[in-house]
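Q: Next comes structure.pdb, PDB, C-alpha atoms, pLDDT in the B column:
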```
ATOM      1  CA  MET A 176     205.181-167.274  58.297  1.00 48.00           C
ATOM      2  CA  ALA A 177     205.182-163.568  57.883  1.00 50.00           C
ATOM      3  CA  GLY A 178     204.169-162.342  54.511  1.00 49.00           C
ATOM      4  CA  ARG A 179     202.272-165.484  53.473  1.00 48.00           C
ATOM      5  CA  CYS A 180     198.569-165.684  52.996  1.00 45.00           C
ATOM      6  CA  PRO A 181     196.835-167.521  55.824  1.00 47.00           C
ATOM      7  CA  TRP A 182     194.786-169.802  53.543  1.00 44.00           C
ATOM      8  CA  VAL A 183     197.916-171.151  51.852  1.00 47.00           C
ATOM      9  CA  ALA A 184     199.410-172.330  55.125  1.00 47.00           C
ATOM     10  CA  VAL A 185     196.375-174.451  56.036  1.00 48.00           C
ATOM     11  CA  ASP A 186     197.249-177.773  57.549  1.00 51.00           C
ATOM     12  CA  LEU A 187     195.515-180.412  55.403  1.00 48.00           C
ATOM     13  CA  SER A 188     196.471-183.372  57.568  1.00 51.00           C
ATOM     14  CA  SER A 189     193.424-182.973  59.837  1.00 51.00           C
ATOM     15  CA  TYR A 190     191.123-182.668  56.804  1.00 46.00           C
ATOM     16  CA  LEU A 191     192.525-185.780  55.128  1.00 50.00           C
ATOM     17  CA  ALA A 192     192.333-187.748  58.346  1.00 51.00           C
ATOM     18  CA  SER A 193     188.659-186.859  58.803  1.00 51.00           C
ATOM     19  CA  SER A 194     187.705-187.820  55.214  1.00 51.00           C
ATOM     20  CA  GLU A 195     189.195-191.337  55.361  1.00 51.00           C
ATOM     21  CA  PRO A 196     186.649-193.956  56.376  1.00 53.00           C
ATOM     22  CA  THR A 197     187.472-195.858  59.493  1.00 54.00           C
ATOM     23  CA  ALA A 198     186.038-199.046  60.911  1.00 53.00           C
ATOM     24  CA  ASP A 199     184.167-197.056  63.554  1.00 56.00           C
ATOM     25  CA  LYS A 200     182.477-194.849  60.962  1.00 56.00           C
ATOM     26  CA  ALA A 201     181.423-197.877  58.872  1.00 55.00           C
ATOM     27  CA  ALA A 202     179.917-199.447  61.982  1.00 56.00           C
ATOM     28  CA  ASP A 203     178.104-196.192  62.752  1.00 56.00           C
ATOM     29  CA  LYS A 204     176.613-196.140  59.231  1.00 56.00           C
ATOM     30  CA  LYS A 205     175.297-199.679  59.664  1.00 57.00           C
ATOM     31  CA  GLN A 206     173.725-198.814  62.974  1.00 62.00           C
ATOM     32  CA  LYS A 207     172.092-195.637  61.649  1.00 62.00           C
ATOM     33  CA  GLN A 208     170.179-197.379  58.802  1.00 61.00           C
ATOM     34  CA  PRO A 209     166.481-197.561  59.594  1.00 57.00           C
ATOM     35  CA  PRO A 210     164.752-200.945  59.618  1.00 54.00           C
ATOM     36  CA  PRO A 211     162.778-201.878  56.472  1.00 60.00           C
ATOM     37  CA  PRO A 212     159.319-200.368  56.224  1.00 66.00           C
ATOM     38  CA  LEU A 213     156.311-202.261  57.478  1.00 66.00           C
ATOM     39  CA  LEU A 214     155.004-202.872  53.946  1.00 60.00           C
ATOM     40  CA  VAL A 215     158.235-204.564  52.911  1.00 64.00           C
ATOM     41  CA  GLN A 216     158.035-206.850  55.924  1.00 69.00           C
ATOM     42  CA  ALA A 217     154.378-207.616  55.174  1.00 64.00           C
ATOM     43  CA  GLY A 218     155.289-208.417  51.564  1.00 63.00           C
ATOM     44  CA  LYS A 219     157.970-210.833  52.745  1.00 67.00           C
ATOM     45  CA  MET A 220     155.456-212.535  55.032  1.00 64.00           C
ATOM     46  CA  ILE A 221     152.952-212.877  52.172  1.00 60.00           C
ATOM     47  CA  LYS A 222     155.634-214.360  49.917  1.00 61.00           C
ATOM     48  CA  LYS A 223     156.470-216.953  52.571  1.00 59.00           C
ATOM     49  CA  ALA A 224     152.803-217.890  52.945  1.00 52.00           C
ATOM     50  CA  LEU A 225     152.210-218.323  49.207  1.00 50.00           C
ATOM     51  CA  PRO A 226     152.913-221.591  47.433  1.00 47.00           C
ATOM     52  CA  SER A 227     156.583-221.785  46.482  1.00 52.00           C
ATOM     53  CA  PRO A 228     156.561-222.863  42.839  1.00 83.00           C
ATOM     54  CA  ALA A 229     153.895-220.454  41.608  1.00 84.00           C
ATOM     55  CA  VAL A 230     153.508-221.802  38.078  1.00 87.00           C
ATOM     56  CA  GLU A 231     153.017-225.365  39.301  1.00 88.00           C
ATOM     57  CA  TRP A 232     150.456-224.256  41.893  1.00 88.00           C
ATOM     58  CA  VAL A 233     148.422-222.244  39.380  1.00 91.00           C
ATOM     59  CA  SER A 234     148.594-224.979  36.750  1.00 92.00           C
ATOM     60  CA  LEU A 235     147.453-227.648  39.197  1.00 92.00           C
ATOM     61  CA  TRP A 236     144.635-225.401  40.436  1.00 94.00           C
ATOM     62  CA  ALA A 237     143.492-224.848  36.842  1.00 94.00           C
ATOM     63  CA  LEU A 238     143.696-228.585  36.106  1.00 94.00           C
ATOM     64  CA  PHE A 239     141.777-229.445  39.277  1.00 95.00           C
ATOM     65  CA  THR A 240     138.905-227.066  38.600  1.00 94.00           C
ATOM     66  CA  ALA A 241     138.799-228.086  34.928  1.00 94.00           C
ATOM     67  CA  GLY A 242     138.586-231.710  36.075  1.00 93.00           C
ATOM     68  CA  VAL A 243     135.711-230.857  38.400  1.00 92.00           C
ATOM     69  CA  PHE A 244     133.792-229.208  35.561  1.00 90.00           C
ATOM     70  CA  ALA A 245     134.611-232.000  33.091  1.00 90.00           C
ATOM     71  CA  VAL A 246     133.511-234.763  35.457  1.00 91.00           C
ATOM     72  CA  SER A 247     130.331-232.929  36.449  1.00 87.00           C
ATOM     73  CA  GLY A 248     129.517-232.258  32.790  1.00 82.00           C
ATOM     74  CA  VAL A 249     130.037-235.890  31.809  1.00 86.00           C
ATOM     75  CA  LEU A 250     127.923-237.066  34.741  1.00 85.00           C
ATOM     76  CA  ALA A 251     125.164-234.614  33.865  1.00 77.00           C
ATOM     77  CA  TYR A 252     124.965-235.908  30.294  1.00 80.00           C
ATOM     78  CA  ALA A 253     125.633-239.599  30.987  1.00 83.00           C
ATOM     79  CA  ILE A 254     123.390-240.199  33.977  1.00 81.00           C
ATOM     80  CA  ASP A 255     119.679-239.572  33.724  1.00 74.00           C
ATOM     81  CA  ILE A 256     118.876-238.113  37.124  1.00 72.00           C
ATOM     82  CA  PRO A 257     115.179-238.232  37.947  1.00 74.00           C
ATOM     83  CA  CYS A 258     113.897-234.840  39.020  1.00 72.00           C
ATOM     84  CA  SER A 259     110.816-234.330  41.111  1.00 71.00           C
ATOM     85  CA  GLU A 260     109.131-231.279  42.544  1.00 71.00           C
ATOM     86  CA  SER A 261     109.398-232.701  46.064  1.00 70.00           C
ATOM     87  CA  SER A 262     113.190-233.274  45.865  1.00 68.00           C
ATOM     88  CA  TRP A 263     115.362-230.652  47.512  1.00 63.00           C
ATOM     89  CA  ILE A 264     118.567-231.894  45.811  1.00 69.00           C
ATOM     90  CA  PHE A 265     117.282-232.379  42.229  1.00 71.00           C
ATOM     91  CA  PRO A 266     114.003-230.516  41.903  1.00 71.00           C
ATOM     92  CA  PHE A 267     112.236-230.090  38.605  1.00 72.00           C
ATOM     93  CA  ILE A 268     112.993-226.566  37.391  1.00 76.00           C
ATOM     94  CA  GLU A 269     111.121-225.098  34.473  1.00 78.00           C
ATOM     95  CA  LEU A 270     113.208-222.508  32.652  1.00 79.00           C
ATOM     96  CA  THR A 271     111.869-219.787  30.401  1.00 84.00           C
ATOM     97  CA  ASP A 272     113.039-219.690  26.787  1.00 87.00           C
ATOM     98  CA  ALA A 273     115.503-216.925  27.591  1.00 88.00           C
ATOM     99  CA  GLY A 274     116.736-218.754  30.687  1.00 86.00           C
ATOM    100  CA  GLU A 275     117.187-221.968  28.732  1.00 87.00           C
ATOM    101  CA  ALA A 276     119.088-220.181  25.959  1.00 91.00           C
ATOM    102  CA  ARG A 277     121.322-218.546  28.552  1.00 90.00           C
ATOM    103  CA  ALA A 278     121.925-221.872  30.328  1.00 88.00           C
ATOM    104  CA  VAL A 279     122.816-223.642  27.076  1.00 90.00           C
ATOM    105  CA  ALA A 280     125.147-220.831  25.953  1.00 92.00           C
ATOM    106  CA  THR A 281     126.821-220.725  29.360  1.00 91.00           C
ATOM    107  CA  SER A 282     127.379-224.491  29.494  1.00 88.00           C
ATOM    108  CA  VAL A 283     128.834-224.468  25.943  1.00 91.00           C
ATOM    109  CA  GLY A 284     131.148-221.638  26.999  1.00 92.00           C
ATOM    110  CA  MET A 285     132.152-223.636  30.072  1.00 91.00           C
ATOM    111  CA  HIS A 286     133.070-226.622  27.879  1.00 90.00           C
ATOM    112  CA  TRP A 287     135.267-224.453  25.673  1.00 93.00           C
ATOM    113  CA  CYS A 288     136.846-222.751  28.681  1.00 92.00           C
ATOM    114  CA  THR A 289     137.547-226.116  30.291  1.00 93.00           C
ATOM    115  CA  ALA A 290     139.398-227.299  27.168  1.00 94.00           C
ATOM    116  CA  ALA A 291     141.414-224.063  26.937  1.00 94.00           C
ATOM    117  CA  GLN A 292     142.119-224.179  30.665  1.00 94.00           C
ATOM    118  CA  VAL A 293     143.542-227.705  30.451  1.00 94.00           C
ATOM    119  CA  ALA A 294     145.627-226.843  27.383  1.00 95.00           C
ATOM    120  CA  ALA A 295     147.163-223.743  28.977  1.00 94.00           C
ATOM    121  CA  ALA A 296     147.818-225.481  32.310  1.00 93.00           C
ATOM    122  CA  VAL A 297     149.495-228.515  30.724  1.00 92.00           C
ATOM    123  CA  ALA A 298     151.600-226.287  28.464  1.00 91.00           C
ATOM    124  CA  ALA A 299     152.653-224.219  31.493  1.00 89.00           C
ATOM    125  CA  LEU A 300     153.776-227.378  33.269  1.00 87.00           C
ATOM    126  CA  LEU A 301     155.702-228.740  30.276  1.00 87.00           C
ATOM    127  CA  PHE A 302     157.432-225.639  28.859  1.00 83.00           C
ATOM    128  CA  PRO A 303     161.112-225.354  29.816  1.00 80.00           C
ATOM    129  CA  ALA A 304     161.341-221.557  29.418  1.00 77.00           C
ATOM    130  CA  ARG A 305     160.545-219.764  32.651  1.00 77.00           C
ATOM    131  CA  ARG A 306     158.923-216.658  31.144  1.00 81.00           C
ATOM    132  CA  ARG A 307     156.676-218.666  28.811  1.00 86.00           C
ATOM    133  CA  ARG A 308     155.611-220.883  31.691  1.00 86.00           C
ATOM    134  CA  ARG A 309     154.588-217.829  33.686  1.00 88.00           C
ATOM    135  CA  VAL A 310     152.631-216.345  30.767  1.00 90.00           C
ATOM    136  CA  LEU A 311     150.840-219.645  30.178  1.00 92.00           C
ATOM    137  CA  ALA A 312     150.042-219.869  33.887  1.00 92.00           C
ATOM    138  CA  TYR A 313     148.477-216.397  33.712  1.00 93.00           C
ATOM    139  CA  VAL A 314     146.438-217.550  30.688  1.00 95.00           C
ATOM    140  CA  ALA A 315     145.323-220.714  32.516  1.00 95.00           C
ATOM    141  CA  LEU A 316     144.309-218.643  35.533  1.00 95.00           C
ATOM    142  CA  ALA A 317     142.387-216.108  33.421  1.00 96.00           C
ATOM    143  CA  VAL A 318     140.477-218.871  31.631  1.00 95.00           C
ATOM    144  CA  ALA A 319     139.817-220.611  34.962  1.00 95.00           C
ATOM    145  CA  ALA A 320     138.432-217.377  36.428  1.00 95.00           C
ATOM    146  CA  ALA A 321     136.182-216.954  33.372  1.00 95.00           C
ATOM    147  CA  ASN A 322     135.026-220.553  33.784  1.00 94.00           C
ATOM    148  CA  HIS A 323     134.257-219.963  37.459  1.00 93.00           C
ATOM    149  CA  TYR A 324     132.307-216.831  36.571  1.00 94.00           C
ATOM    150  CA  MET A 325     130.277-218.826  34.048  1.00 93.00           C
ATOM    151  CA  TYR A 326     129.541-221.424  36.715  1.00 91.00           C
ATOM    152  CA  ALA A 327     128.231-218.691  39.006  1.00 92.00           C
ATOM    153  CA  SER A 328     126.164-217.311  36.118  1.00 91.00           C
ATOM    154  CA  LEU A 329     124.708-220.766  35.399  1.00 88.00           C
ATOM    155  CA  ALA A 330     123.806-221.219  39.054  1.00 87.00           C
ATOM    156  CA  GLY A 331     122.147-217.809  38.898  1.00 86.00           C
ATOM    157  CA  VAL A 332     120.010-218.914  35.948  1.00 87.00           C
ATOM    158  CA  PHE A 333     118.637-221.845  37.950  1.00 84.00           C
ATOM    159  CA  LEU A 334     118.201-219.757  41.090  1.00 83.00           C
ATOM    160  CA  ASP A 335     116.258-217.151  39.107  1.00 82.00           C
ATOM    161  CA  ALA A 336     113.905-219.890  37.920  1.00 80.00           C
ATOM    162  CA  ASP A 337     113.544-221.443  41.396  1.00 79.00           C
ATOM    163  CA  PRO A 338     114.574-219.135  44.253  1.00 79.00           C
ATOM    164  CA  GLY A 339     113.692-221.804  46.812  1.00 76.00           C
ATOM    165  CA  TYR A 340     116.369-224.238  45.571  1.00 78.00           C
ATOM    166  CA  LEU A 341     118.168-224.449  48.922  1.00 79.00           C
ATOM    167  CA  PHE A 342     120.713-227.094  47.896  1.00 81.00           C
ATOM    168  CA  LEU A 343     121.963-224.883  45.039  1.00 81.00           C
ATOM    169  CA  TRP A 344     121.999-221.815  47.285  1.00 85.00           C
ATOM    170  CA  ILE A 345     124.297-223.590  49.749  1.00 87.00           C
ATOM    171  CA  GLY A 346     126.367-225.688  47.336  1.00 87.00           C
ATOM    172  CA  GLY A 347     126.652-222.993  44.690  1.00 86.00           C
ATOM    173  CA  SER A 348     127.647-220.326  47.196  1.00 90.00           C
ATOM    174  CA  ALA A 349     130.275-222.620  48.732  1.00 92.00           C
ATOM    175  CA  ALA A 350     131.671-223.552  45.298  1.00 92.00           C
ATOM    176  CA  VAL A 351     131.817-219.935  44.112  1.00 92.00           C
ATOM    177  CA  SER A 352     133.550-218.902  47.348  1.00 94.00           C
ATOM    178  CA  ILE A 353     136.131-221.690  47.011  1.00 94.00           C
ATOM    179  CA  PHE A 354     136.738-220.834  43.360  1.00 94.00           C
ATOM    180  CA  ALA A 355     137.140-217.125  44.138  1.00 94.00           C
ATOM    181  CA  ALA A 356     139.554-217.828  47.011  1.00 94.00           C
ATOM    182  CA  GLY A 357     141.591-220.239  44.882  1.00 93.00           C
ATOM    183  CA  ASP A 358     141.766-217.756  42.017  1.00 94.00           C
ATOM    184  CA  LEU A 359     142.876-214.978  44.361  1.00 94.00           C
ATOM    185  CA  VAL A 360     145.591-217.115  45.989  1.00 91.00           C
ATOM    186  CA  SER A 361     146.740-218.254  42.542  1.00 91.00           C
ATOM    187  CA  PHE A 362     146.935-214.688  41.263  1.00 92.00           C
ATOM    188  CA  LEU A 363     148.911-213.584  44.322  1.00 90.00           C
ATOM    189  CA  ALA A 364     151.200-216.596  43.949  1.00 88.00           C
ATOM    190  CA  LEU A 365     151.964-215.631  40.355  1.00 89.00           C
ATOM    191  CA  LEU A 366     152.310-211.958  41.185  1.00 87.00           C
ATOM    192  CA  LEU A 367     154.487-212.283  44.288  1.00 84.00           C
ATOM    193  CA  GLY A 368     155.757-215.850  44.266  1.00 73.00           C
ATOM    194  CA  GLU A 369     158.898-217.265  42.759  1.00 67.00           C
ATOM    195  CA  ASP A 370     159.638-220.318  40.679  1.00 61.00           C
ATOM    196  CA  ASP A 371     162.158-222.947  41.595  1.00 52.00           C
ATOM    197  CA  LYS A 372     163.095-223.625  37.970  1.00 49.00           C
TER     198      LYS A 372
END
```
Translate this file's structure into structure tokens.

A:
Amino acid sequence: MAGRCPWVAVDLSSYLASSEPTADKAADKKQKQPPPPLLVQAGKMIKKALPSPAVEWVSLWALFTAGVFAVSGVLAYAIDIPCSESSWIFPFIELTDAGEARAVATSVGMHWCTAAQVAAAVAALLFPARRRRRVLAYVALAVAAANHYMYASLAGVFLDADPGYLFLWIGGSAAVSIFAAGDLVSFLALLLGEDDK
């Protein structure tokens, strides 16, 4: 090899052998991968805990709460409930003019929201297209959340007029808490959940 440059006479067989992947190197790569981050695992756990068909869950939640408001509204107008100052369930509450105007406006808004909520929820259940169903479920949930906010506002009007109304303090607080929890679970189900269809 006299007279030849040393870099020309390089043996490439060892280089080529080291660059070819072997079964041992592939196994080493699999073993060296770190486990998924804690947030990814937590997200998977949340997805498992959420209702599976998200659109159906949200639509049924919206229909249920709209039914509660519709039935309570019909009962309030159809049945003449005697109020007395000594009753702790149905006391006589005297509203100011501003409080009465706010209560009337809020209950009219609740009626309109209930109708829109039912329409969006039924359309979300009946549409065949997956993306449109999801959009309609978001609309139904947004209208349901607005309706629940109006319920809390209406309860606040009556509690402002009579702060000692214990039945409304307990029942209204429980209802608002249930509505808020249901809206939050529904939003997470739509955000993180998957549809079967």

Q: Convert the output of the PyMOL selection byres ((chain A and resi 244-246) around 12) on the shown file into explicit residues, formatted as a ChimeraX atom specification.

A: /A:237-243,247-254,282-290,292-293,319,322-323,325-326,350,354

Q: Name the closest residue to A:Ala330 among the candidates A:Asp358, A:Phe302, A:Ala229, A:Arg277; distances are taken between atoms, counting only C-alpha atoms.

A: A:Arg277

Q: For A:Ala355, which of A:Phe342, A:Tyr324, A:Tyr313, A:Phe265 is the closest residue, counting only C-alpha atoms?

A: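 Counting only C-alpha atoms, the residue closest to A:Ala355 is A:Tyr324.
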
Q: Give me, please, the distance in Å between atom CA of A:Trp232 and atom CA of A:Ser361, quoted to one decimal.

A: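 Separation between atom CA of A:Trp232 and atom CA of A:Ser361: 7.1 Å.
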
Q: Between atom CA of A:Gly339 and atom CA of A:Ala276, what is the distance in Å, rounded to a tenth?

A: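 Taking atom CA of A:Gly339 and atom CA of A:Ala276, their separation equals 21.6 Å.
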
Q: Just so the selection is clear, what residues does the PyMOL selection byres ((chain A and resi 344) around 12) cover here, as a list in words?

A: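 In the shown coordinates, the PyMOL selection byres ((chain A and resi 344) around 12) covers Trp263, Ile264, Ala327, Ala330, Gly331, Val332, Phe333, Leu334, Asp335, Asp337, Pro338, Gly339, Tyr340, Leu341, Phe342, Leu343, Ile345, Gly346, Gly347, Ser348, Ala349, Ala350, Val351 and Ser352 of chain A.
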
Q: Which is closest to A:Val310 among A:Trp236, A:Leu365, A:Leu270, A:Ala278, if we use all atoms listed in the file?

A: A:Leu365

Q: Separation of atom CA of A:Glu231 and atom CA of A:Ala299, in Å?

A: 7.9 Å

Q: Could you tell me, as a ChimeraX atom specification, exactly which residues end up selected when the PyMOL selection byres ((chain A and resi 298) around 10) is applied to this structure?

A: /A:234,292-297,299-303,307-308,311-312,315

Q: Take the structure in the block and write a file for stretch 302-317 of chain A, N, CA, C and O atoms, as a PDB file, in the first residue's frame.

A:
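Here's the written file selection03.pdb:
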```pdb
ATOM      1  N   PHE A 302     -79.491  14.506  13.510  1.00  0.00           N
ATOM      2  CA  PHE A 302     -78.629  14.753  12.358  1.00  0.00           C
ATOM      3  C   PHE A 302     -77.700  13.569  12.118  1.00  0.00           C
ATOM      4  O   PHE A 302     -77.124  13.026  13.057  1.00  0.00           O
ATOM      5  N   PRO A 303     -77.530  13.163  10.854  1.00  0.00           N
ATOM      6  CA  PRO A 303     -76.612  12.055  10.575  1.00  0.00           C
ATOM      7  C   PRO A 303     -75.144  12.483  10.512  1.00  0.00           C
ATOM      8  O   PRO A 303     -74.263  11.687  10.791  1.00  0.00           O
ATOM      9  N   ALA A 304     -74.880  13.731  10.156  1.00  0.00           N
ATOM     10  CA  ALA A 304     -73.492  14.191  10.002  1.00  0.00           C
ATOM     11  C   ALA A 304     -72.859  14.417  11.372  1.00  0.00           C
ATOM     12  O   ALA A 304     -73.428  15.091  12.224  1.00  0.00           O
ATOM     13  N   ARG A 305     -71.692  13.856  11.559  1.00  0.00           N
ATOM     14  CA  ARG A 305     -71.042  13.881  12.866  1.00  0.00           C
ATOM     15  C   ARG A 305     -70.652  15.299  13.296  1.00  0.00           C
ATOM     16  O   ARG A 305     -70.862  15.688  14.434  1.00  0.00           O
ATOM     17  N   ARG A 306     -70.084  16.074  12.392  1.00  0.00           N
ATOM     18  CA  ARG A 306     -69.640  17.426  12.746  1.00  0.00           C
ATOM     19  C   ARG A 306     -70.827  18.330  13.083  1.00  0.00           C
ATOM     20  O   ARG A 306     -70.779  19.104  14.035  1.00  0.00           O
ATOM     21  N   ARG A 307     -71.907  18.229  12.321  1.00  0.00           N
ATOM     22  CA  ARG A 307     -73.087  19.045  12.603  1.00  0.00           C
ATOM     23  C   ARG A 307     -73.725  18.656  13.929  1.00  0.00           C
ATOM     24  O   ARG A 307     -74.221  19.509  14.656  1.00  0.00           O
ATOM     25  N   ARG A 308     -73.696  17.380  14.233  1.00  0.00           N
ATOM     26  CA  ARG A 308     -74.241  16.922  15.519  1.00  0.00           C
ATOM     27  C   ARG A 308     -73.453  17.535  16.669  1.00  0.00           C
ATOM     28  O   ARG A 308     -74.012  17.973  17.659  1.00  0.00           O
ATOM     29  N   ARG A 309     -72.143  17.575  16.527  1.00  0.00           N
ATOM     30  CA  ARG A 309     -71.299  18.125  17.581  1.00  0.00           C
ATOM     31  C   ARG A 309     -71.544  19.626  17.741  1.00  0.00           C
ATOM     32  O   ARG A 309     -71.628  20.129  18.862  1.00  0.00           O
ATOM     33  N   VAL A 310     -71.668  20.343  16.637  1.00  0.00           N
ATOM     34  CA  VAL A 310     -71.931  21.781  16.697  1.00  0.00           C
ATOM     35  C   VAL A 310     -73.281  22.042  17.354  1.00  0.00           C
ATOM     36  O   VAL A 310     -73.407  22.929  18.210  1.00  0.00           O
ATOM     37  N   LEU A 311     -74.290  21.272  16.972  1.00  0.00           N
ATOM     38  CA  LEU A 311     -75.613  21.446  17.576  1.00  0.00           C
ATOM     39  C   LEU A 311     -75.601  21.083  19.061  1.00  0.00           C
ATOM     40  O   LEU A 311     -76.326  21.688  19.857  1.00  0.00           O
ATOM     41  N   ALA A 312     -74.787  20.116  19.439  1.00  0.00           N
ATOM     42  CA  ALA A 312     -74.673  19.778  20.859  1.00  0.00           C
ATOM     43  C   ALA A 312     -74.022  20.921  21.630  1.00  0.00           C
ATOM     44  O   ALA A 312     -74.438  21.224  22.759  1.00  0.00           O
ATOM     45  N   TYR A 313     -73.019  21.568  21.028  1.00  0.00           N
ATOM     46  CA  TYR A 313     -72.426  22.750  21.671  1.00  0.00           C
ATOM     47  C   TYR A 313     -73.463  23.870  21.817  1.00  0.00           C
ATOM     48  O   TYR A 313     -73.523  24.554  22.837  1.00  0.00           O
ATOM     49  N   VAL A 314     -74.291  24.055  20.784  1.00  0.00           N
ATOM     50  CA  VAL A 314     -75.343  25.084  20.850  1.00  0.00           C
ATOM     51  C   VAL A 314     -76.341  24.742  21.953  1.00  0.00           C
ATOM     52  O   VAL A 314     -76.730  25.610  22.748  1.00  0.00           O
ATOM     53  N   ALA A 315     -76.769  23.480  22.014  1.00  0.00           N
ATOM     54  CA  ALA A 315     -77.718  23.060  23.055  1.00  0.00           C
ATOM     55  C   ALA A 315     -77.124  23.272  24.443  1.00  0.00           C
ATOM     56  O   ALA A 315     -77.816  23.728  25.367  1.00  0.00           O
ATOM     57  N   LEU A 316     -75.840  22.976  24.601  1.00  0.00           N
ATOM     58  CA  LEU A 316     -75.202  23.158  25.897  1.00  0.00           C
ATOM     59  C   LEU A 316     -75.070  24.637  26.248  1.00  0.00           C
ATOM     60  O   LEU A 316     -75.289  25.027  27.402  1.00  0.00           O
ATOM     61  N   ALA A 317     -74.744  25.476  25.285  1.00  0.00           N
ATOM     62  CA  ALA A 317     -74.627  26.916  25.550  1.00  0.00           C
ATOM     63  C   ALA A 317     -75.976  27.506  25.954  1.00  0.00           C
ATOM     64  O   ALA A 317     -76.065  28.298  26.902  1.00  0.00           O
TER      65      ALA A 317
END
```
